[in-house]
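Here is query-v9.cif, consisting of mmCIF, C-alpha atoms:
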data_entry
loop_
_atom_site.label_atom_id
_atom_site.label_comp_id
_atom_site.auth_asym_id
_atom_site.auth_seq_id
_atom_site.Cartn_x
_atom_site.Cartn_y
_atom_site.Cartn_z
CA MET W 1 0.00 0.00 0.00
CA LEU W 2 1.19 3.48 -0.75
CA PRO W 3 -1.19 5.76 1.08
CA ALA W 4 1.49 8.04 2.52
CA THR W 5 3.16 8.59 -0.85
CA ALA W 6 -0.17 9.31 -2.53
CA ALA W 7 -1.13 11.71 0.24
CA ALA W 8 2.21 13.51 0.07
CA LEU W 9 1.90 13.90 -3.70
CA ALA W 10 -1.68 15.12 -3.35
CA VAL W 11 -0.63 17.74 -0.82
CA LEU W 12 2.17 18.87 -3.11
CA ALA W 13 -0.24 19.04 -6.04
CA ALA W 14 -2.68 21.13 -4.01
CA LEU W 15 0.11 23.51 -2.96
CA LEU W 16 1.27 23.87 -6.55
CA ALA W 17 -2.26 24.37 -7.85
CA TRP W 18 -3.06 27.32 -5.66
CA PRO W 19 -0.88 28.88 -2.94
CA VAL W 20 2.54 28.55 -4.56
CA PRO W 21 1.61 30.19 -7.90
CA ALA W 22 -0.37 32.83 -6.02
CA LEU W 23 2.67 33.66 -3.90
CA LEU W 24 5.08 33.74 -6.80
CA ALA W 25 2.71 35.87 -8.90
CA ARG W 26 2.50 38.37 -6.07
CA ALA W 27 6.17 38.31 -5.11
CA ARG W 28 8.30 41.37 -5.79
CA TRP W 29 11.59 39.66 -6.52
CA PRO W 30 10.78 38.20 -9.99
CA ARG W 31 11.13 41.62 -11.62
CA ARG W 32 14.68 41.76 -10.24
CA ASP W 33 15.62 38.55 -11.99
CA PRO W 34 13.09 37.48 -14.63
CA LEU W 35 15.19 34.55 -15.81
CA VAL W 36 15.32 32.87 -12.40
CA ALA W 37 11.59 33.52 -11.98
CA LEU W 38 10.94 31.89 -15.36
CA VAL W 39 12.86 28.81 -14.25
CA CYS W 40 10.74 28.69 -11.08
CA TRP W 41 7.51 28.92 -13.08
CA GLN W 42 8.59 26.08 -15.35
CA ALA W 43 9.40 23.98 -12.30
CA ILE W 44 6.02 24.73 -10.74
CA GLY W 45 4.21 23.74 -13.92
CA LEU W 46 6.13 20.51 -14.35
CA ALA W 47 6.07 19.51 -10.69
CA GLY W 48 2.36 20.33 -10.47
CA GLY W 49 1.48 18.05 -13.37
CA LEU W 50 3.82 15.36 -12.12
CA SER W 51 2.44 15.36 -8.59
CA ILE W 52 -1.26 15.38 -9.43
CA ILE W 53 -0.95 12.59 -11.97
CA GLY W 54 1.48 10.79 -9.68
CA ALA W 55 -0.89 10.99 -6.71
CA LEU W 56 -3.72 9.45 -8.71
CA LEU W 57 -1.47 6.80 -10.17
CA VAL W 58 0.08 5.83 -6.86
CA HIS W 59 -3.31 5.48 -5.20
CA GLY W 60 -4.79 3.55 -8.10
CA LEU W 61 -1.87 1.12 -8.31
CA ALA W 62 -1.58 0.57 -4.56
CA PRO W 63 -3.11 -2.93 -4.62
CA TRP W 64 -0.36 -4.15 -6.94
CA GLY W 65 2.76 -3.27 -5.00
CA HIS W 66 4.65 -1.26 -2.42
CA SER W 67 6.21 1.27 -4.75
CA LEU W 68 5.16 2.73 -8.04
CA PRO W 69 7.86 0.97 -10.13
CA GLU W 70 7.05 -2.30 -8.41
CA ALA W 71 3.29 -1.92 -8.82
CA ALA W 72 3.62 -0.84 -12.45
CA TRP W 73 5.82 -3.85 -13.13
CA SER W 74 3.27 -6.17 -11.54
CA VAL W 75 0.50 -4.73 -13.71
CA LEU W 76 2.60 -4.94 -16.87
CA THR W 77 3.56 -8.55 -16.18
CA ARG W 78 -0.09 -9.34 -15.39
CA GLN W 79 0.51 -10.52 -11.88
CA PRO W 80 -2.53 -10.62 -9.62
CA ALA W 81 -3.05 -7.78 -7.18
CA GLU W 82 -1.82 -8.40 -3.66
CA ALA W 83 -4.76 -6.60 -2.12
CA PRO W 84 -8.39 -6.32 -3.20
CA VAL W 85 -8.90 -3.76 -5.99
CA ARG W 86 -11.73 -1.42 -5.07
CA GLY W 87 -13.76 1.05 -7.10
CA ASP W 88 -11.73 4.05 -5.96
CA HIS W 89 -8.59 2.44 -7.38
CA TRP W 90 -10.17 2.21 -10.81
CA VAL W 91 -11.52 5.77 -10.56
CA THR W 92 -8.12 7.27 -9.72
CA LEU W 93 -6.40 5.22 -12.41
CA THR W 94 -8.91 6.44 -14.99
CA LEU W 95 -8.52 10.03 -13.80
CA ALA W 96 -4.73 9.75 -14.03
CA GLY W 97 -5.02 8.49 -17.61
CA VAL W 98 -7.50 11.19 -18.62
CA LEU W 99 -5.48 13.98 -17.06
CA ALA W 100 -2.16 12.80 -18.51
CA THR W 101 -3.72 12.44 -21.95
CA GLU W 102 -5.33 15.83 -21.73
CA LEU W 103 -2.23 17.70 -20.58
CA VAL W 104 0.06 16.09 -23.15
CA GLY W 105 -2.61 16.18 -25.86
CA VAL W 106 -3.39 19.84 -25.40
CA LEU W 107 0.32 20.62 -25.40
CA LEU W 108 0.80 18.82 -28.71
CA LEU W 109 -2.34 20.31 -30.22
CA SER W 110 -1.33 23.78 -29.15
CA TRP W 111 2.11 23.24 -30.66
CA VAL W 112 0.68 22.10 -33.99
CA ARG W 113 -1.89 24.88 -34.16
CA THR W 114 0.53 27.68 -33.37
CA ALA W 115 3.09 26.27 -35.79
CA ARG W 116 0.47 26.23 -38.54
CA ALA W 117 -0.74 29.74 -37.74
CA ARG W 118 2.85 30.97 -37.71
CA ARG W 119 3.60 29.44 -41.09
CA ARG W 120 0.49 31.03 -42.54
CA HIS W 121 1.17 34.44 -41.03
CA ARG W 122 4.76 34.35 -42.18
CA ALA W 123 3.81 33.39 -45.73
CA LEU W 124 1.28 36.21 -45.98
CA LEU W 125 3.46 38.78 -44.26
CA GLU W 126 6.40 38.01 -46.49
CA LEU W 127 4.35 39.11 -49.49
CA VAL W 128 3.59 42.47 -47.97
CA VAL W 129 6.64 43.52 -45.97
CA GLN W 130 9.58 45.44 -47.38
CA PRO W 131 13.17 45.64 -46.24
CA ALA W 132 13.66 48.00 -43.29
CA SER W 133 16.64 50.18 -42.54
CA LEU W 134 17.78 47.77 -39.82
CA PRO W 135 19.21 44.41 -40.80
CA ASP W 136 16.87 41.42 -40.36
CA ALA W 137 13.88 43.64 -39.63
CA ARG W 138 11.01 44.02 -42.12
CA LEU W 139 8.74 46.97 -42.64
CA LEU W 140 4.96 46.68 -42.67
CA GLU W 141 3.09 49.64 -44.12
CA HIS W 142 0.76 50.64 -41.30
CA PRO W 143 0.30 53.89 -39.36
CA ALA W 144 0.03 52.33 -35.90
CA PRO W 145 3.30 51.92 -33.97
CA VAL W 146 3.65 48.16 -33.74
CA ALA W 147 6.51 45.69 -33.56
CA PHE W 148 6.33 41.95 -33.26
CA CYS W 149 8.15 38.82 -34.21
CA ILE W 150 7.10 35.44 -35.47
CA PRO W 151 9.43 32.76 -34.12
CA GLY W 152 10.44 29.67 -36.02
CA ALA W 153 13.18 28.28 -38.18
CA ARG W 154 13.00 31.42 -40.31
CA PRO W 155 11.95 34.05 -37.80
CA LEU W 156 10.35 37.25 -38.97
CA LEU W 157 10.84 40.54 -37.16
CA VAL W 158 8.28 43.13 -38.23
CA LEU W 159 8.18 46.87 -37.60
CA SER W 160 5.26 48.98 -38.74
CA SER W 161 5.97 52.16 -40.66
CA GLY W 162 4.14 53.97 -37.85
CA MET W 163 6.71 52.65 -35.38
CA VAL W 164 9.60 53.74 -37.59
CA ALA W 165 8.06 57.19 -38.05
CA GLU W 166 7.52 57.83 -34.36
CA LEU W 167 10.81 56.63 -32.92
CA ASP W 168 14.32 57.96 -33.25
CA ASP W 169 17.21 55.69 -34.18
CA ALA W 170 18.18 54.77 -30.62
CA GLN W 171 14.59 53.89 -29.69
CA LEU W 172 14.12 51.86 -32.83
CA ALA W 173 17.33 49.97 -32.14
CA ALA W 174 15.99 49.25 -28.65
CA VAL W 175 12.75 47.81 -30.06
CA VAL W 176 14.61 45.62 -32.51
CA ALA W 177 17.03 44.45 -29.82
CA HIS W 178 14.06 43.52 -27.62
CA GLU W 179 12.42 41.46 -30.37
CA ARG W 180 15.72 39.85 -31.29
CA ALA W 181 16.13 38.82 -27.67
CA HIS W 182 12.77 37.03 -27.81
CA LEU W 183 13.87 35.17 -30.90
CA ARG W 184 17.36 34.34 -29.74
CA GLU W 185 16.25 32.97 -26.37
CA HIS W 186 13.24 31.14 -27.86
CA HIS W 187 10.80 32.72 -25.47
CA HIS W 188 7.87 31.14 -27.29
CA LEU W 189 8.98 27.80 -25.86
CA TYR W 190 8.77 29.16 -22.28
CA LEU W 191 5.21 30.26 -23.01
CA LEU W 192 4.00 27.17 -24.81
CA PRO W 193 3.21 24.95 -21.80
CA PHE W 194 1.41 27.75 -19.99
CA VAL W 195 -0.69 28.60 -23.04
CA ALA W 196 -1.59 24.94 -23.38
CA TRP W 197 -2.35 24.37 -19.70
CA GLU W 198 -4.48 27.43 -19.44
CA ALA W 199 -6.54 25.97 -22.29
CA ALA W 200 -6.54 22.52 -20.67
CA LEU W 201 -7.46 23.70 -17.17
CA PRO W 202 -9.75 26.70 -17.55
CA VAL W 203 -11.17 26.08 -14.06
CA LEU W 204 -7.79 26.46 -12.40
CA PRO W 205 -7.13 30.13 -11.66
CA ALA W 206 -3.45 29.37 -11.18
CA ALA W 207 -3.14 28.39 -14.85
CA ALA W 208 -4.27 31.81 -16.03
CA ARG W 209 -2.19 33.54 -13.40
CA ALA W 210 0.89 31.55 -14.32
CA HIS W 211 0.41 32.33 -18.00
CA ALA W 212 0.08 36.07 -17.35
CA ALA W 213 3.12 36.07 -15.06
CA VAL W 214 5.28 34.15 -17.54
CA ARG W 215 4.20 36.46 -20.36
CA ALA W 216 5.20 39.52 -18.33
CA LEU W 217 8.51 37.96 -17.25
CA VAL W 218 9.41 37.06 -20.82
CA GLU W 219 8.96 40.71 -21.79
CA MET W 220 11.13 41.86 -18.88
CA ARG W 221 13.78 39.32 -19.77
CA ALA W 222 13.79 40.57 -23.37
CA ASP W 223 14.16 44.13 -22.06
CA ASP W 224 17.17 43.05 -19.98
CA VAL W 225 18.84 41.26 -22.85
CA ALA W 226 18.15 44.18 -25.17
CA LEU W 227 19.79 46.62 -22.75
CA GLY W 228 22.95 44.57 -22.82
CA SER W 229 23.37 45.06 -26.55
CA LEU W 230 22.41 48.72 -26.87
CA PRO W 231 25.27 51.15 -27.36
CA GLY W 232 23.51 54.51 -26.90
CA PRO W 233 24.08 56.87 -23.93
CA ALA W 234 20.77 56.03 -22.22
CA PRO W 235 19.49 52.71 -23.46
CA ARG W 236 17.05 52.29 -20.56
CA ARG W 237 15.41 55.54 -21.38
CA ALA W 238 15.29 54.81 -25.11
CA LEU W 239 13.58 51.50 -24.50
CA ALA W 240 11.12 53.00 -22.01
CA GLN W 241 10.26 55.76 -24.46
CA ALA W 242 9.69 53.25 -27.22
CA ILE W 243 7.35 51.26 -24.97
CA VAL W 244 5.38 54.37 -24.07
CA VAL W 245 5.07 55.44 -27.70
CA ALA W 246 3.93 52.00 -28.77
CA ALA W 247 1.46 51.72 -25.92
CA GLY W 248 0.08 55.23 -26.30
CA GLY W 249 -0.40 55.07 -30.00
CA ALA W 250 -2.17 51.78 -30.08
CA GLY W 251 -5.46 53.16 -28.86
CA GLY W 252 -6.80 55.17 -31.75
CA ALA W 253 -4.93 54.02 -34.80
CA GLY W 254 -7.03 51.05 -35.74
CA VAL W 255 -4.97 48.30 -34.18
CA PRO W 256 -6.92 45.57 -32.51
CA SER W 257 -6.15 45.90 -28.84
CA GLY W 258 -7.10 42.33 -28.12
CA ALA W 259 -3.66 40.94 -28.61
CA LEU W 260 -2.17 41.63 -25.24
CA ALA W 261 -4.63 44.03 -23.72
CA VAL W 262 -4.70 42.17 -20.42
CA THR W 263 -1.05 42.90 -19.84
CA GLY W 264 -1.81 46.56 -19.27
CA SER W 265 -0.35 46.72 -15.80
CA ALA W 266 2.58 44.64 -16.97
CA VAL W 267 3.44 47.40 -19.44
CA ALA W 268 3.58 49.96 -16.64
CA SER W 269 5.76 47.76 -14.50
CA ARG W 270 8.10 47.29 -17.45
CA VAL W 271 8.47 51.04 -17.82
CA VAL W 272 8.98 51.59 -14.09
CA ARG W 273 11.53 48.82 -14.07
CA LEU W 274 13.48 50.46 -16.89
CA LEU W 275 13.40 53.94 -15.42
CA GLU W 276 14.09 52.95 -11.83
CA PRO W 277 15.99 49.70 -12.10
CA PRO W 278 15.62 47.48 -9.04
CA SER W 279 18.83 46.17 -7.56
CA PRO W 280 19.72 42.75 -8.94
CA LEU W 281 19.06 39.72 -6.77
CA PRO W 282 21.97 38.84 -4.49
CA GLY W 283 23.76 35.66 -5.43
CA TRP W 284 22.51 33.64 -2.50
CA THR W 285 18.88 34.53 -3.24
CA ARG W 286 19.33 33.47 -6.83
CA GLY W 287 20.90 30.25 -5.62
CA ALA W 288 18.08 29.65 -3.15
CA ALA W 289 15.43 30.24 -5.82
CA LEU W 290 17.13 27.91 -8.28
CA LEU W 291 17.63 25.31 -5.57
CA SER W 292 13.92 25.47 -4.67
CA ALA W 293 13.03 25.00 -8.32
CA GLY W 294 15.29 21.97 -8.47
CA LEU W 295 13.86 20.52 -5.26
CA LEU W 296 10.35 21.13 -6.55
CA LEU W 297 11.09 18.80 -9.43
CA LEU W 298 13.12 16.36 -7.36
CA VAL W 299 10.55 15.79 -4.60
CA PRO W 300 7.68 14.39 -6.70
CA THR W 301 10.12 12.40 -8.82
CA ALA W 302 11.66 10.86 -5.73
CA LEU W 303 8.26 10.13 -4.19
CA LEU W 304 7.23 8.38 -7.38
CA LEU W 305 10.33 6.33 -7.95
CA LEU W 306 11.72 5.48 -4.56
CA PRO W 307 10.30 2.50 -2.70
CA ALA W 308 7.48 3.54 -0.45
CA LEU W 309 8.63 5.25 2.69
CA GLU W 310 6.13 3.50 4.88
CA LEU W 311 7.24 0.03 3.93
CA PRO W 312 8.16 -0.81 7.52
CA LEU W 313 4.80 0.50 8.66
CA SER W 314 2.69 -1.61 6.33
CA ARG W 315 4.40 -4.80 7.12
CA MET K 1 16.39 28.50 -58.43
CA ALA K 2 14.19 31.02 -56.65
CA SER K 3 11.68 29.72 -54.15
CA LEU K 4 7.98 30.02 -54.89
CA GLY K 5 7.67 32.44 -51.99
CA GLU K 6 10.24 34.72 -53.52
CA LEU K 7 8.56 34.53 -56.91
CA GLU K 8 5.25 35.39 -55.28
CA ARG K 9 6.86 38.48 -53.83
CA ALA K 10 8.29 39.47 -57.20
CA VAL K 11 4.93 39.03 -58.93
CA MET K 12 3.11 41.04 -56.27
CA ASP K 13 5.68 43.82 -56.53
CA ARG K 14 5.03 43.89 -60.30
CA LEU K 15 1.27 43.94 -59.89
CA TRP K 16 1.42 46.63 -57.25
CA SER K 17 3.63 48.86 -59.33
CA ALA K 18 1.71 48.25 -62.59
CA GLY K 19 -0.90 50.83 -63.55
CA GLY K 20 -3.57 48.26 -64.38
CA PRO K 21 -4.20 44.55 -64.79
CA LEU K 22 -1.51 42.45 -66.47
CA ALA K 23 -1.66 39.28 -68.52
CA ALA K 24 0.48 36.33 -67.48
CA THR K 25 2.68 36.80 -70.55
CA GLU K 26 3.29 40.41 -69.63
CA LEU K 27 4.30 39.33 -66.14
CA ARG K 28 6.68 36.75 -67.58
CA ASP K 29 8.23 39.36 -69.85
CA GLY K 30 8.45 41.82 -66.98
CA LEU K 31 10.35 39.22 -64.98
CA ALA K 32 12.48 38.20 -67.96
CA ASP K 33 15.68 38.39 -65.93
CA ARG K 34 14.44 35.40 -63.97
CA GLY K 35 13.81 33.34 -67.10
CA LEU K 36 10.47 31.98 -65.94
CA ALA K 37 8.32 29.57 -67.90
CA LEU K 38 4.75 30.69 -68.46
CA THR K 39 3.48 27.73 -66.47
CA THR K 40 5.54 28.87 -63.49
CA VAL K 41 3.97 32.30 -63.70
CA HIS K 42 0.53 30.66 -63.73
CA THR K 43 1.42 28.50 -60.75
CA VAL K 44 2.55 31.54 -58.81
CA LEU K 45 -0.58 33.47 -59.81
CA SER K 46 -2.94 30.71 -58.74
CA ARG K 47 -1.18 30.44 -55.39
CA LEU K 48 -1.58 34.17 -54.96
CA GLU K 49 -5.25 33.89 -55.87
CA GLN K 50 -5.70 31.24 -53.20
CA LYS K 51 -4.10 33.54 -50.68
CA GLY K 52 -6.51 36.30 -51.66
CA PHE K 53 -3.87 38.63 -53.05
CA VAL K 54 -4.71 38.45 -56.75
CA VAL K 55 -7.92 38.44 -58.78
CA HIS K 56 -8.37 37.91 -62.52
CA ASP K 57 -10.95 39.18 -64.99
CA ASP K 58 -12.78 37.19 -67.65
CA ALA K 59 -11.08 38.76 -70.65
CA ARG K 60 -9.15 36.59 -73.06
CA PRO K 61 -6.34 36.22 -72.27
CA ARG K 62 -7.00 36.57 -68.57
CA ARG K 63 -5.56 39.57 -66.89
CA PHE K 64 -4.51 39.67 -63.28
CA ARG K 65 -4.42 42.49 -60.78
CA ALA K 66 -3.74 42.88 -57.08
CA ARG K 67 -6.90 42.61 -55.02
CA GLY K 68 -5.89 45.50 -52.78
CA THR K 69 -2.99 47.85 -52.29
CA ARG K 70 0.00 46.82 -50.21
CA GLU K 71 -1.38 49.00 -47.42
CA ASP K 72 -4.78 47.25 -47.57
CA HIS K 73 -3.16 43.90 -47.12
CA ALA K 74 -0.90 45.20 -44.39
CA ALA K 75 -3.91 46.44 -42.44
CA GLU K 76 -5.73 43.16 -42.96
CA LEU K 77 -2.73 41.20 -41.77
CA MET K 78 -2.30 43.38 -38.71
CA HIS K 79 -5.81 42.40 -37.73
CA GLU K 80 -5.29 38.77 -38.45
CA VAL K 81 -1.92 38.44 -36.79
CA LEU K 82 -2.49 40.60 -33.75
CA GLY K 83 -6.25 40.55 -33.47
CA GLN K 84 -8.33 38.46 -31.17
CA ALA K 85 -9.78 36.30 -33.91
CA GLY K 86 -6.60 34.64 -35.04
CA ASP K 87 -4.33 32.32 -33.20
CA ARG K 88 -2.64 35.09 -31.40
CA GLN K 89 -0.19 32.86 -29.61
CA ALA K 90 1.46 32.48 -32.96
CA VAL K 91 2.97 35.92 -32.64
CA LEU K 92 5.36 35.54 -29.83
CA ALA K 93 5.35 38.98 -28.66
CA ARG K 94 4.00 42.13 -29.87
CA PHE K 95 6.41 44.70 -28.53
CA VAL K 96 3.72 46.31 -26.40
CA GLY K 97 0.10 45.39 -26.17
CA GLY K 98 -2.63 47.95 -26.45
CA VAL K 99 -3.36 49.77 -23.22
CA ASP K 100 -6.34 51.90 -22.34
CA PRO K 101 -6.08 55.70 -22.52
CA ASP K 102 -5.77 56.08 -18.75
CA GLU K 103 -2.85 53.78 -18.60
CA ALA K 104 -1.25 55.42 -21.63
CA ARG K 105 -1.43 58.74 -19.78
CA LEU K 106 0.09 57.15 -16.68
CA LEU K 107 2.96 55.82 -18.76
CA ARG K 108 3.67 59.21 -20.26
CA GLU K 109 3.68 60.72 -16.77
CA LEU K 110 6.14 58.12 -15.57
CA LEU K 111 8.43 59.01 -18.41
CA ALA K 112 8.05 62.74 -17.87
CA ARG K 113 8.78 62.39 -14.17
CA ALA K 114 12.00 60.58 -14.90
CA THR K 115 13.13 63.49 -17.11
CA GLY K 116 12.82 66.01 -14.32
CA PRO K 117 15.50 68.71 -14.01
CA ASP K 118 17.71 66.57 -11.83
CA GLY K 119 16.64 63.26 -13.24
CA VAL K 120 19.52 61.45 -14.76
CA PRO K 121 17.99 59.34 -17.48
CA GLY K 122 18.92 55.73 -17.72
#
Output the structure of this file as structure tokens.
Amino acid sequence: MLPATAAALAVLAALLAWPVPALLARARWPRRDPLVALVCWQAIGLAGGLSIIGALLVHGLAPWGHSLPEAAWSVLTRQPAEAPVRGDHWVTLTLAGVLATELVGVLLLSWVRTARARRRHRALLELVVQPASLPDARLLEHPAPVAFCIPGARPLLVLSSGMVAELDDAQLAAVVAHERAHLREHHHLYLLPFVAWEAALPVLPAAARAHAAVRALVEMRADDVALGSLPGPAPRRALAQAIVVAAGGAGGAGVPSGALAVTGSAVASRVVRLLEPPSPLPGWTRGAALLSAGLLLLVPTALLLLPALELPLSR
Amino acid sequence: MASLGELERAVMDRLWSAGGPLAATELRDGLADRGLALTTVHTVLSRLEQKGFVVHDDARPRRFRARGTREDHAAELMHEVLGQAGDRQAVLARFVGGVDPDEARLLRELLARATGPDGVPG
């Protein structure tokens, strides 16, 4: 029997489904080190999925063995259960299967759909855009100040003519550096699981919160990387100005505001962060955060794979 | 050998800069430096028709023209790529999302405050 392991995993899953993401979303330190915060979010997502599915699996397989590997082996080799198999064992096993299929399925589906949409957008955009003054950027004839990139094997970095018209050279370079940072660090991959899980678990407020937080952090990270490559006298200011111009102009110029409208407050915190940079996280805090992320992944894995802790108790 | 995508671009550039509709032969002659076969031009044109960029009339021979100006298509694409309808996750990151007027004002104030007389920018 594995009741203690299942209970421990269930507690971990509950913590990761609600209080932990709520705390991290509200914490102040992520804006000081977006990259470390992104690692923590990935760990929370992975550990959350692992522990909820693991809890169900461990409970469902309990009649077959004392540890998950042992029980799974018994089932695969069609050995009879050591203890009577009750209804709740079948229910949890079914739930584990459904949840695992849904999470992985939605992830794959989301991947395929976005890849298809990207290909289509890129093909259409490539017909319309023209070379821009900056290398590897393309110009889209439109009065609204907009910049975006489409990631992929052949990424496309698009600036609207409105953006080019409203920004000076230093600001434009800042925008392009920001978008390049997204492409170079493959930020779309950080977002993918959270997009998929928000779609898979619409009832879980943490999924939406995690997605919003990761989206904001990815933007901050791109700002940080961009600053590192900008030569001008005041790169922070140039980038902040560009953000304000792009945000302010989007209202009336016929651009759909649906795209990222919910990130309104995230835009303000980006600007504040650029103008009044917070002190970077001290090394030990970084280390502690990364260590917690590692432990978060290690704990459910260990609970799943190691022989049941309560072996002496059940005998 | 140029890719179809690149040929599509070249044909659209021709159609956009032409005064009126063009026949496929005229397009081939206009792109003579590429040495295209007429069938290739037709292939490219039908792909562009599928994408909604080109329409043809019923004259003989058929003549092709751009469905809208470059700006029309740009505006349409902005809506599709960044709008709510499309698969907006496909665009990784629009540089800045739209914000409401109040927030836009707040942002401008933030910026102005940081440029105060003693404010050292950056």
Could you write out as a CSV table (one decimal) with C-alpha atoms, in the coordinates of the input the residues that the PyMOL selection byres ((chain K and resi 107-109) around 10) matches in the shown file?
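Produced file out.csv, reproduced below:
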chain,number,residue,atom,x,y,z
W,240,ALA,CA,11.1,53.0,-22.0
W,241,GLN,CA,10.3,55.8,-24.5
W,243,ILE,CA,7.4,51.3,-25.0
W,244,VAL,CA,5.4,54.4,-24.1
W,245,VAL,CA,5.1,55.4,-27.7
W,247,ALA,CA,1.5,51.7,-25.9
W,248,GLY,CA,0.1,55.2,-26.3
W,267,VAL,CA,3.4,47.4,-19.4
W,268,ALA,CA,3.6,50.0,-16.6
W,269,SER,CA,5.8,47.8,-14.5
W,271,VAL,CA,8.5,51.0,-17.8
W,272,VAL,CA,9.0,51.6,-14.1
K,99,VAL,CA,-3.4,49.8,-23.2
K,101,PRO,CA,-6.1,55.7,-22.5
K,102,ASP,CA,-5.8,56.1,-18.8
K,103,GLU,CA,-2.8,53.8,-18.6
K,104,ALA,CA,-1.2,55.4,-21.6
K,105,ARG,CA,-1.4,58.7,-19.8
K,106,LEU,CA,0.1,57.2,-16.7
K,110,LEU,CA,6.1,58.1,-15.6
K,111,LEU,CA,8.4,59.0,-18.4
K,112,ALA,CA,8.0,62.7,-17.9
K,113,ARG,CA,8.8,62.4,-14.2
K,114,ALA,CA,12.0,60.6,-14.9
K,115,THR,CA,13.1,63.5,-17.1
Practice problem: For region 65-79 of chain K, please output as a PyMOL selection string all residues within 7 Å (counting all atoms listed in the file; exclusion window: fewer than 2 positions along the same chain). | Solution: (chain W and resi 128+140-142+255-256) or (chain K and resi 15-16+20-22+53-56+63+81-83)
Self-check item: Long-range neighbours of region 283-287 of chain W as number ranges by chain, 10 Å cut-off, all atoms listed in the file, 2 positions minimum in chain
Solution: W: 29, 33, 35-37, 280-281, 289-293
Quiz item: Which residue, W:Val58, W:Gly49, W:Glu82, W:Glu70, has the smallest gap to Leu99 (chain W) when you use all atoms listed in the file?
Solution: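 So, comparing all the options, the nearest one is W:Gly49.
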Quiz item: So which residues are close to (16.8, 35.2, -61.4), meaning at most 12 Å away in the file's coordinates with only C-alpha atoms counted, and can you show them as a list in words?
Solution: Met1, Ala2, Ser3, Glu6, Leu7, Ala10, Arg28, Leu31, Ala32, Asp33, Arg34, Gly35 and Leu36 of chain K
Quiz item: Could you state the separation of CA of Arg28 (chain W) and CA of Pro278 (chain W) in Å, given to one decimal place?
Solution: 10.1 Å
Quiz prompt | Nearest to chain K, chosen from W:Ala212, W:Val98, W:Leu297, W:Ala117, with only C-alpha atoms counted in the distances | solution = W:Ala117
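CA of Thr5 (chain W) lies 23.3 Å from CA of Arg78 (chain W).
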Quiz item: So how many Å separate CA of Pro34 (chain W) and CA of Val218 (chain W), to one decimal?
Solution: 7.2 Å
Self-check item: Test item: residues at most 10 Å from region 203-211 of chain W, all atoms listed in the file, excluding those fewer than 5 positions along its chain, as a list in words
Solution: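 The neighbour list is Leu16, Ala17, Trp18, Pro19, Val20, Pro21, Ala22, Leu24, Ala25, Arg26, Trp41, Gln42, Ile44, Gly45, Tyr190, Leu191, Leu192, Pro193, Phe194, Val195, Ala196, Trp197, Glu198, Ala216 and Leu217 of chain W.
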Can you write just those residues out, C-alpha atoms, as an mmCIF file, in the frame of the given file?
data_model
loop_
_atom_site.group_PDB
_atom_site.id
_atom_site.type_symbol
_atom_site.label_atom_id
_atom_site.label_comp_id
_atom_site.auth_asym_id
_atom_site.auth_seq_id
_atom_site.Cartn_x
_atom_site.Cartn_y
_atom_site.Cartn_z
ATOM 1 C CA LEU W 16 1.270 23.870 -6.550
ATOM 2 C CA ALA W 17 -2.260 24.370 -7.850
ATOM 3 C CA TRP W 18 -3.060 27.320 -5.660
ATOM 4 C CA PRO W 19 -0.880 28.880 -2.940
ATOM 5 C CA VAL W 20 2.540 28.550 -4.560
ATOM 6 C CA PRO W 21 1.610 30.190 -7.900
ATOM 7 C CA ALA W 22 -0.370 32.830 -6.020
ATOM 8 C CA LEU W 24 5.080 33.740 -6.800
ATOM 9 C CA ALA W 25 2.710 35.870 -8.900
ATOM 10 C CA ARG W 26 2.500 38.370 -6.070
ATOM 11 C CA TRP W 41 7.510 28.920 -13.080
ATOM 12 C CA GLN W 42 8.590 26.080 -15.350
ATOM 13 C CA ILE W 44 6.020 24.730 -10.740
ATOM 14 C CA GLY W 45 4.210 23.740 -13.920
ATOM 15 C CA TYR W 190 8.770 29.160 -22.280
ATOM 16 C CA LEU W 191 5.210 30.260 -23.010
ATOM 17 C CA LEU W 192 4.000 27.170 -24.810
ATOM 18 C CA PRO W 193 3.210 24.950 -21.800
ATOM 19 C CA PHE W 194 1.410 27.750 -19.990
ATOM 20 C CA VAL W 195 -0.690 28.600 -23.040
ATOM 21 C CA ALA W 196 -1.590 24.940 -23.380
ATOM 22 C CA TRP W 197 -2.350 24.370 -19.700
ATOM 23 C CA GLU W 198 -4.480 27.430 -19.440
ATOM 24 C CA ALA W 216 5.200 39.520 -18.330
ATOM 25 C CA LEU W 217 8.510 37.960 -17.250
#
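Distance annotation: of W:Gly48, W:Pro235, W:Gly152, W:Pro3, the residue with the minimal separation from Leu15 (chain W) is W:Gly48; atom set is all atoms listed in the file.
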Could you tell me which residues the PyMOL selection byres ((chain K and resi 44) around 9) returns for this structure, as a CSV table (one decimal) with C-alpha atoms, in the frame of the given file?
chain,number,residue,atom,x,y,z
K,4,LEU,CA,8.0,30.0,-54.9
K,5,GLY,CA,7.7,32.4,-52.0
K,7,LEU,CA,8.6,34.5,-56.9
K,8,GLU,CA,5.2,35.4,-55.3
K,11,VAL,CA,4.9,39.0,-58.9
K,39,THR,CA,3.5,27.7,-66.5
K,40,THR,CA,5.5,28.9,-63.5
K,41,VAL,CA,4.0,32.3,-63.7
K,42,HIS,CA,0.5,30.7,-63.7
K,43,THR,CA,1.4,28.5,-60.8
K,45,LEU,CA,-0.6,33.5,-59.8
K,46,SER,CA,-2.9,30.7,-58.7
K,47,ARG,CA,-1.2,30.4,-55.4
K,48,LEU,CA,-1.6,34.2,-55.0
K,49,GLU,CA,-5.2,33.9,-55.9
